[in-house]
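Trainee: Supplied structure: upload.txt, compact mmCIF, C-alpha atoms and all ligand atoms.
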# COMPACT_ATOMS: atom_id res chain seq x y z
CA MET A 1 -27.74 224.22 -138.74
CA ARG A 2 -31.14 222.56 -138.90
CA LYS A 3 -31.91 220.54 -142.02
CA PRO A 4 -35.47 221.31 -143.04
CA MET A 5 -37.99 218.52 -143.30
CA VAL A 6 -40.96 218.37 -145.62
CA ALA A 7 -43.39 215.67 -144.58
CA GLY A 8 -46.45 214.66 -146.56
CA ASN A 9 -49.38 213.45 -144.50
CA TRP A 10 -51.50 211.53 -146.97
CA LYS A 11 -54.31 211.15 -144.42
CA MET A 12 -57.02 208.72 -145.63
CA HIS A 13 -56.04 208.98 -149.29
CA LYS A 14 -54.44 206.59 -151.77
CA THR A 15 -54.84 202.90 -152.33
CA GLN A 16 -51.65 200.85 -152.66
CA GLU A 17 -51.65 201.36 -156.40
CA GLU A 18 -52.27 205.09 -156.16
CA GLY A 19 -49.71 205.46 -153.39
CA LEU A 20 -47.10 203.65 -155.42
CA ALA A 21 -47.73 205.95 -158.39
CA LEU A 22 -47.44 209.03 -156.15
CA VAL A 23 -44.22 207.98 -154.45
CA ARG A 24 -42.70 206.99 -157.79
CA ALA A 25 -43.44 210.44 -159.15
CA ILE A 26 -42.00 212.07 -156.01
CA ARG A 27 -38.91 209.95 -156.27
CA ALA A 28 -38.46 210.73 -159.97
CA GLY A 29 -38.84 214.47 -159.45
CA LEU A 30 -36.86 214.91 -156.26
CA SER A 31 -33.90 217.21 -156.70
CA SER A 32 -33.34 218.74 -153.28
CA HIS A 33 -29.79 217.33 -153.36
CA GLY A 34 -30.00 216.20 -149.80
CA LYS A 35 -30.73 219.70 -148.47
CA VAL A 36 -34.17 218.65 -147.26
CA GLU A 37 -35.30 215.58 -145.37
CA VAL A 38 -38.34 214.28 -147.21
CA LEU A 39 -40.89 212.02 -145.54
CA VAL A 40 -44.16 210.53 -146.69
CA ALA A 41 -46.81 209.21 -144.33
CA PRO A 42 -49.15 206.94 -146.30
CA PRO A 43 -52.15 205.16 -144.83
CA PHE A 44 -51.12 201.92 -143.10
CA THR A 45 -52.27 199.76 -146.01
CA ALA A 46 -49.84 201.46 -148.42
CA ILE A 47 -46.79 201.58 -146.14
CA GLN A 48 -45.29 198.36 -147.39
CA VAL A 49 -45.38 199.21 -151.10
CA VAL A 50 -44.12 202.73 -150.43
CA VAL A 51 -41.24 201.46 -148.28
CA GLY A 52 -40.30 199.05 -151.05
CA GLU A 53 -40.24 201.86 -153.60
CA VAL A 54 -38.07 204.24 -151.56
CA ALA A 55 -35.73 201.66 -150.05
CA ASP A 56 -32.71 202.85 -152.02
CA THR A 57 -33.47 206.57 -151.66
CA GLU A 58 -33.30 209.11 -148.85
CA ILE A 59 -37.08 209.39 -148.71
CA LYS A 60 -38.33 208.39 -145.29
CA VAL A 61 -41.64 206.80 -144.44
CA GLY A 62 -43.70 207.49 -141.35
CA GLY A 63 -46.94 206.34 -139.76
CA GLN A 64 -49.75 208.88 -139.44
CA ASN A 65 -50.64 207.54 -136.04
CA VAL A 66 -49.53 204.77 -133.72
CA TYR A 67 -50.83 203.11 -130.58
CA CYS A 68 -49.07 203.19 -127.21
CA GLU A 69 -48.68 199.42 -126.73
CA ASN A 70 -46.56 197.04 -128.74
CA GLN A 71 -49.08 194.21 -128.90
CA GLY A 72 -52.29 192.98 -127.40
CA ALA A 73 -56.05 193.06 -127.65
CA PHE A 74 -56.40 196.51 -129.19
CA THR A 75 -58.65 195.95 -132.17
CA GLY A 76 -57.90 198.24 -135.06
CA GLU A 77 -54.67 199.69 -133.70
CA ILE A 78 -51.13 199.53 -135.09
CA SER A 79 -48.17 199.32 -132.73
CA PRO A 80 -44.84 201.13 -132.76
CA VAL A 81 -42.88 197.90 -133.29
CA MET A 82 -45.13 197.07 -136.24
CA LEU A 83 -44.45 200.43 -137.83
CA LYS A 84 -40.74 200.08 -137.22
CA ALA A 85 -40.67 196.55 -138.64
CA ALA A 86 -42.62 197.73 -141.68
CA GLY A 87 -39.82 200.17 -142.46
CA CYS A 88 -41.07 203.39 -140.88
CA SER A 89 -38.59 205.73 -139.26
CA HIS A 90 -41.11 208.20 -137.83
CA ALA A 91 -44.59 208.40 -136.35
CA ILE A 92 -46.85 211.44 -136.43
CA ILE A 93 -48.48 211.82 -133.03
CA GLY A 94 -51.07 214.30 -131.84
CA HIS A 95 -52.37 215.45 -135.19
CA SER A 96 -55.34 217.74 -134.64
CA GLU A 97 -57.63 215.27 -136.41
CA ARG A 98 -56.59 212.64 -133.86
CA ARG A 99 -57.21 215.10 -131.03
CA HIS A 100 -60.44 216.63 -132.28
CA VAL A 101 -62.11 213.96 -134.44
CA PHE A 102 -60.99 210.92 -132.43
CA GLY A 103 -60.80 212.53 -128.99
CA GLU A 104 -57.18 211.66 -128.17
CA THR A 105 -56.15 213.12 -124.83
CA GLY A 106 -52.88 214.48 -123.56
CA ASP A 107 -52.43 211.42 -121.38
CA LEU A 108 -52.81 209.06 -124.35
CA LEU A 109 -50.48 211.19 -126.49
CA HIS A 110 -47.88 211.10 -123.72
CA ARG A 111 -47.99 207.31 -123.75
CA LYS A 112 -47.88 207.19 -127.54
CA VAL A 113 -44.81 209.42 -127.71
CA HIS A 114 -42.95 207.27 -125.20
CA ALA A 115 -43.95 204.01 -126.86
CA ALA A 116 -42.88 205.27 -130.27
CA LEU A 117 -39.52 206.50 -128.99
CA ASN A 118 -38.95 203.23 -127.14
CA ALA A 119 -39.58 201.30 -130.35
CA GLY A 120 -36.96 203.35 -132.15
CA LEU A 121 -39.28 205.66 -134.05
CA ASP A 122 -38.66 209.38 -134.21
CA VAL A 123 -41.72 211.42 -133.36
CA ILE A 124 -43.36 214.27 -135.25
CA TYR A 125 -45.47 215.74 -132.49
CA CYS A 126 -48.26 218.07 -133.66
CA LEU A 127 -49.69 220.87 -131.65
CA GLY A 128 -51.81 223.91 -132.33
CA GLU A 129 -54.74 226.00 -131.22
CA THR A 130 -58.32 226.18 -132.49
CA LEU A 131 -59.73 229.40 -133.93
CA GLU A 132 -61.65 230.03 -130.73
CA GLU A 133 -58.48 229.64 -128.68
CA ARG A 134 -56.55 232.00 -130.97
CA GLU A 135 -59.27 234.60 -130.84
CA GLY A 136 -59.38 234.21 -127.08
CA GLY A 137 -55.66 235.02 -126.86
CA GLN A 138 -54.82 231.52 -125.66
CA THR A 139 -52.50 230.34 -128.43
CA GLU A 140 -49.33 230.29 -126.33
CA ALA A 141 -51.04 228.73 -123.33
CA VAL A 142 -52.52 225.98 -125.50
CA VAL A 143 -49.31 225.01 -127.31
CA GLU A 144 -47.36 225.16 -124.06
CA ARG A 145 -49.85 222.80 -122.44
CA GLN A 146 -49.68 220.46 -125.44
CA LEU A 147 -45.89 220.50 -125.26
CA ASN A 148 -45.88 219.78 -121.55
CA GLU A 149 -48.36 216.94 -122.04
CA VAL A 150 -45.74 214.80 -123.70
CA LEU A 151 -42.36 216.06 -122.52
CA ASP A 152 -40.56 214.66 -119.54
CA GLY A 153 -36.99 213.73 -118.74
CA ASP A 154 -37.14 210.59 -120.90
CA VAL A 155 -37.92 212.42 -124.11
CA LYS A 156 -34.68 213.05 -125.95
CA PRO A 157 -34.78 216.13 -128.16
CA ALA A 158 -32.76 214.54 -130.94
CA ARG A 159 -35.61 212.12 -131.61
CA MET A 160 -38.36 214.74 -131.59
CA ILE A 161 -39.70 217.04 -134.28
CA LEU A 162 -42.49 219.48 -133.49
CA ALA A 163 -45.17 220.46 -136.00
CA TYR A 164 -47.09 223.63 -135.22
CA GLU A 165 -50.43 223.22 -136.93
CA PRO A 166 -53.07 225.80 -136.08
CA VAL A 167 -56.33 223.88 -136.30
CA TRP A 168 -58.03 226.76 -138.12
CA ALA A 169 -55.49 226.49 -140.93
CA ILE A 170 -55.71 222.75 -141.58
CA GLY A 171 -57.50 221.87 -144.78
CA THR A 172 -59.16 225.29 -144.87
CA GLY A 173 -56.97 227.03 -147.40
CA ARG A 174 -56.34 229.64 -144.74
CA ASN A 175 -52.69 229.43 -143.72
CA ALA A 176 -51.10 231.27 -140.84
CA THR A 177 -49.16 234.29 -142.01
CA PRO A 178 -45.39 233.94 -141.81
CA GLU A 179 -45.47 236.37 -138.87
CA GLN A 180 -48.07 234.30 -137.00
CA ALA A 181 -46.15 231.09 -137.66
CA GLN A 182 -42.79 232.59 -136.70
CA ALA A 183 -44.21 233.98 -133.45
CA VAL A 184 -45.45 230.58 -132.28
CA HIS A 185 -42.34 228.78 -133.49
CA ALA A 186 -40.14 231.22 -131.60
CA PHE A 187 -42.29 230.68 -128.52
CA LEU A 188 -41.88 226.90 -128.84
CA ARG A 189 -38.13 227.32 -129.35
CA ALA A 190 -37.95 229.41 -126.17
CA LYS A 191 -40.01 226.90 -124.18
CA THR A 192 -37.90 223.96 -125.34
CA THR A 193 -34.76 225.93 -124.57
CA GLY A 194 -36.02 226.11 -121.00
CA ILE A 195 -36.48 222.33 -120.96
CA TRP A 196 -33.54 221.01 -122.98
CA GLY A 197 -31.10 223.90 -123.05
CA PRO A 198 -30.02 226.07 -125.96
CA ASN A 199 -28.03 223.49 -127.92
CA ALA A 200 -30.71 220.83 -128.09
CA ALA A 201 -33.51 223.35 -128.63
CA GLY A 202 -31.39 225.05 -131.27
CA ASN A 203 -31.19 221.75 -133.16
CA LEU A 204 -34.89 220.95 -132.77
CA ARG A 205 -36.87 221.12 -135.98
CA ILE A 206 -40.22 222.85 -135.77
CA LEU A 207 -42.34 222.32 -138.87
CA TYR A 208 -45.31 224.44 -139.85
CA GLY A 209 -48.49 222.77 -141.07
CA GLY A 210 -51.84 224.07 -142.23
CA SER A 211 -52.66 224.82 -145.88
CA VAL A 212 -49.04 224.88 -147.00
CA LYS A 213 -49.06 225.18 -150.77
CA PRO A 214 -46.46 225.86 -153.45
CA ASP A 215 -47.43 229.53 -153.52
CA ASN A 216 -47.05 230.21 -149.79
CA ALA A 217 -44.29 227.74 -148.91
CA ALA A 218 -41.34 230.01 -149.62
CA SER A 219 -42.60 232.85 -147.40
CA LEU A 220 -43.12 230.42 -144.52
CA MET A 221 -39.81 228.58 -144.96
CA ILE A 222 -37.71 231.71 -144.75
CA CYS A 223 -38.92 232.41 -141.20
CA PRO A 224 -35.96 231.77 -138.93
CA ASP A 225 -37.74 229.27 -136.68
CA VAL A 226 -39.73 227.47 -139.38
CA ASP A 227 -37.76 224.35 -140.26
CA GLY A 228 -39.98 222.80 -142.89
CA ALA A 229 -43.56 221.79 -143.40
CA LEU A 230 -46.10 219.12 -142.61
CA VAL A 231 -48.26 219.09 -145.72
CA GLY A 232 -51.72 217.61 -146.15
CA GLY A 233 -53.74 218.46 -149.26
CA ALA A 234 -50.80 219.63 -151.36
CA CYS A 235 -48.85 216.41 -150.79
CA LEU A 236 -51.34 214.31 -152.73
CA LYS A 237 -49.90 215.44 -156.05
CA ALA A 238 -46.20 214.98 -156.71
CA GLU A 239 -45.91 218.32 -158.48
CA SER A 240 -47.16 220.43 -155.57
CA PHE A 241 -45.33 218.36 -152.95
CA LEU A 242 -42.07 218.68 -154.90
CA ALA A 243 -42.58 222.42 -155.26
CA ILE A 244 -42.81 222.70 -151.47
CA VAL A 245 -39.69 220.57 -151.09
CA GLY A 246 -38.03 222.94 -153.54
CA ALA A 247 -39.06 225.97 -151.49
CA ALA A 248 -37.57 224.35 -148.40
CA ALA A 249 -34.33 223.61 -150.26
CA ASP A 250 -34.13 227.22 -151.44
CA SER A 251 -34.51 228.47 -147.86
CA VAL A 252 -31.32 226.74 -146.74
P1 LIG A 301 -53.39 220.71 -144.99
O1 LIG A 301 -53.15 219.64 -143.82
O2 LIG A 301 -52.05 220.97 -145.61
O3 LIG A 301 -54.36 220.03 -145.93
O4 LIG A 301 -53.95 221.92 -144.34
C1 LIG A 301 -52.03 219.73 -142.98
C2 LIG A 301 -52.06 218.65 -141.95
O5 LIG A 301 -53.15 218.27 -141.51
O6 LIG A 301 -51.00 218.12 -141.54
Now that the file is in, can you turn its structure into structure tokens?
Ligand code: PGA
Mentor:
Amino acid sequence: MRKPMVAGNWKMHKTQEEGLALVRAIRAGLSSHGKVEVLVAPPFTAIQVVVGEVADTEIKVGGQNVYCENQGAFTGEISPVMLKAAGCSHAIIGHSERRHVFGETGDLLHRKVHAALNAGLDVIYCLGETLEEREGGQTEAVVERQLNEVLDGDVKPARMILAYEPVWAIGTGRNATPEQAQAVHAFLRAKTTGIWGPNAAGNLRILYGGSVKPDNAASLMICPDVDGALVGGACLKAESFLAIVGAAADSV
């Protein structure tokens, strides 16, 4: 049985003070009774205060991005060992904003995934098609390519979480329907079954992301292959984030 995960991607929001207030409110209101794995991904500058606040809870902390080297002359980058040492358990890799705004390539993402895993971080690997690709009937081909970009024999399924995030649904208020999400999640489950076998792929969590809100979360979470959510806008307020966590808990 897969334990759902609800992960909040704060993106470039929240100072240390604001982040502390948010995570305190999440902590105070959390009542999923361990049914849901809850993760927050603050900006790098707020990681330390957030880690301090959740240290005695089950709330996990992740990086929104990570570089593929552990140290060196890479101005402006943060390494996997730095994230790990700062108290992060996970790194989000391949978010569509990294791919499309910052031009990250499959080759770079492959190296990032391996570096993160080697440093002991679990990986939330994002993938998803643009509107043009969906309308061109290329959704499956695109997510399969994005999956193959990072997977090889060294990538252990137990340390990977996938997040299907159709680019056209991110930050647009336009979420995929449960049927659209389920179809792609089932496709990813089938593809990973081919790579890792039915047991490992059966245990793999595949999150949905893209305009998940309290009012659509329940209908997405009940889809058999949707194992939680990667939440952007709605994670910036404790109330809406906790409502999504609640919907995930109710789906178990
Ligand atoms: P959104 O963002 O919930 O604001 O659409 C999701 C994401 O980018 O992970």
Trainee: May I ask you to write as a PyMOL selection string all residues lying at most 6 Å from ligand LIG 301 (chain A), with all atoms listed in the file counted?
Mentor: chain A and resi 9+169-171+209-212+230-233
Trainee: Nearest residue to Ala163 of chain A out of A:Leu117, A:Leu242, A:Ile26, A:Val143, using all atoms listed in the file?
Mentor: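 Closest to Ala163 of chain A of all the choices is A:Val143.
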Trainee: For Arg99 of chain A, which of A:Thr172, A:Gln16, A:Gln146, A:Thr193 is the closest residue, counting only C-alpha atoms?
Mentor: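 Ranking A:Thr172, A:Gln16, A:Gln146, A:Thr193 by distance to Arg99 of chain A, first place goes to A:Gln146.
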Trainee: With distances taken over only C-alpha atoms, which residue among A:Val50, A:Leu131, A:Leu121, A:Ala141 lies nearest Glu18 of chain A?
Mentor: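 Nearest candidate to Glu18 of chain A out of A:Val50, A:Leu131, A:Leu121, A:Ala141: A:Val50.
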Trainee: With all atoms listed in the file as the atoms that count, which of A:His114, A:Lys35, A:Arg24, A:His100 lies nearest to Ala248 of chain A?
Mentor: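 Of A:His114, A:Lys35, A:Arg24, A:His100, the one nearest Ala248 of chain A is A:Lys35, counting all atoms listed in the file.
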Trainee: Would you kindly return, as a PyMOL selection string, each protein, DNA or RNA residue with an atom no farther than 7 Å from any atom of Met5 of chain A, considering only C-alpha atoms and excluding same-chain residues fewer than 4 positions away?
Mentor: chain A and resi 36-38+227-229
Trainee: Would you put the residues from that selection into a file with C-alpha atoms, as a CSV table (one decimal), keeping the file's coordinate frame?
Mentor:
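Just written: again38.csv:
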chain,number,residue,atom,x,y,z
A,36,VAL,CA,-34.2,218.6,-147.3
A,37,GLU,CA,-35.3,215.6,-145.4
A,38,VAL,CA,-38.3,214.3,-147.2
A,227,ASP,CA,-37.8,224.4,-140.3
A,228,GLY,CA,-40.0,222.8,-142.9
A,229,ALA,CA,-43.6,221.8,-143.4
Trainee: Could you give me, as a ChimeraX atom specification, the residues within 12 Å of Thr45 of chain A, counting all atoms listed in the file and dropping anything in the same chain fewer than 5 positions from it?
Mentor: /A:10-20,50-51,63-64,78,83,86
Trainee: Give me the residues near Arg27 of chain A as a VMD selection string, where near means some atom within 10 Å (using only C-alpha atoms) and where sequence neighbours in that chain fewer than 2 positions away do not count.
Mentor: chain A and resid 21 to 25 29 to 31 53 to 54 57 to 59 238 242
Trainee: I'd like the interatomic distance between atom CA of Arg2 of chain A and atom CA of Arg98 of chain A, to a tenth of an Å.
Mentor: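 Result for atom CA of Arg2 of chain A versus atom CA of Arg98 of chain A: 27.8 Å, one decimal.
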Trainee: Which is closest to Ser251 of chain A among A:Gly8, A:Arg134, A:Ala183, A:Ser32, if we use only C-alpha atoms?
Mentor: A:Ser32
Trainee: Grab the atom CA of Ala91 of chain A to atom CA of Pro166 of chain A distance for me, in Å with one decimal place.
Mentor: 19.4 Å
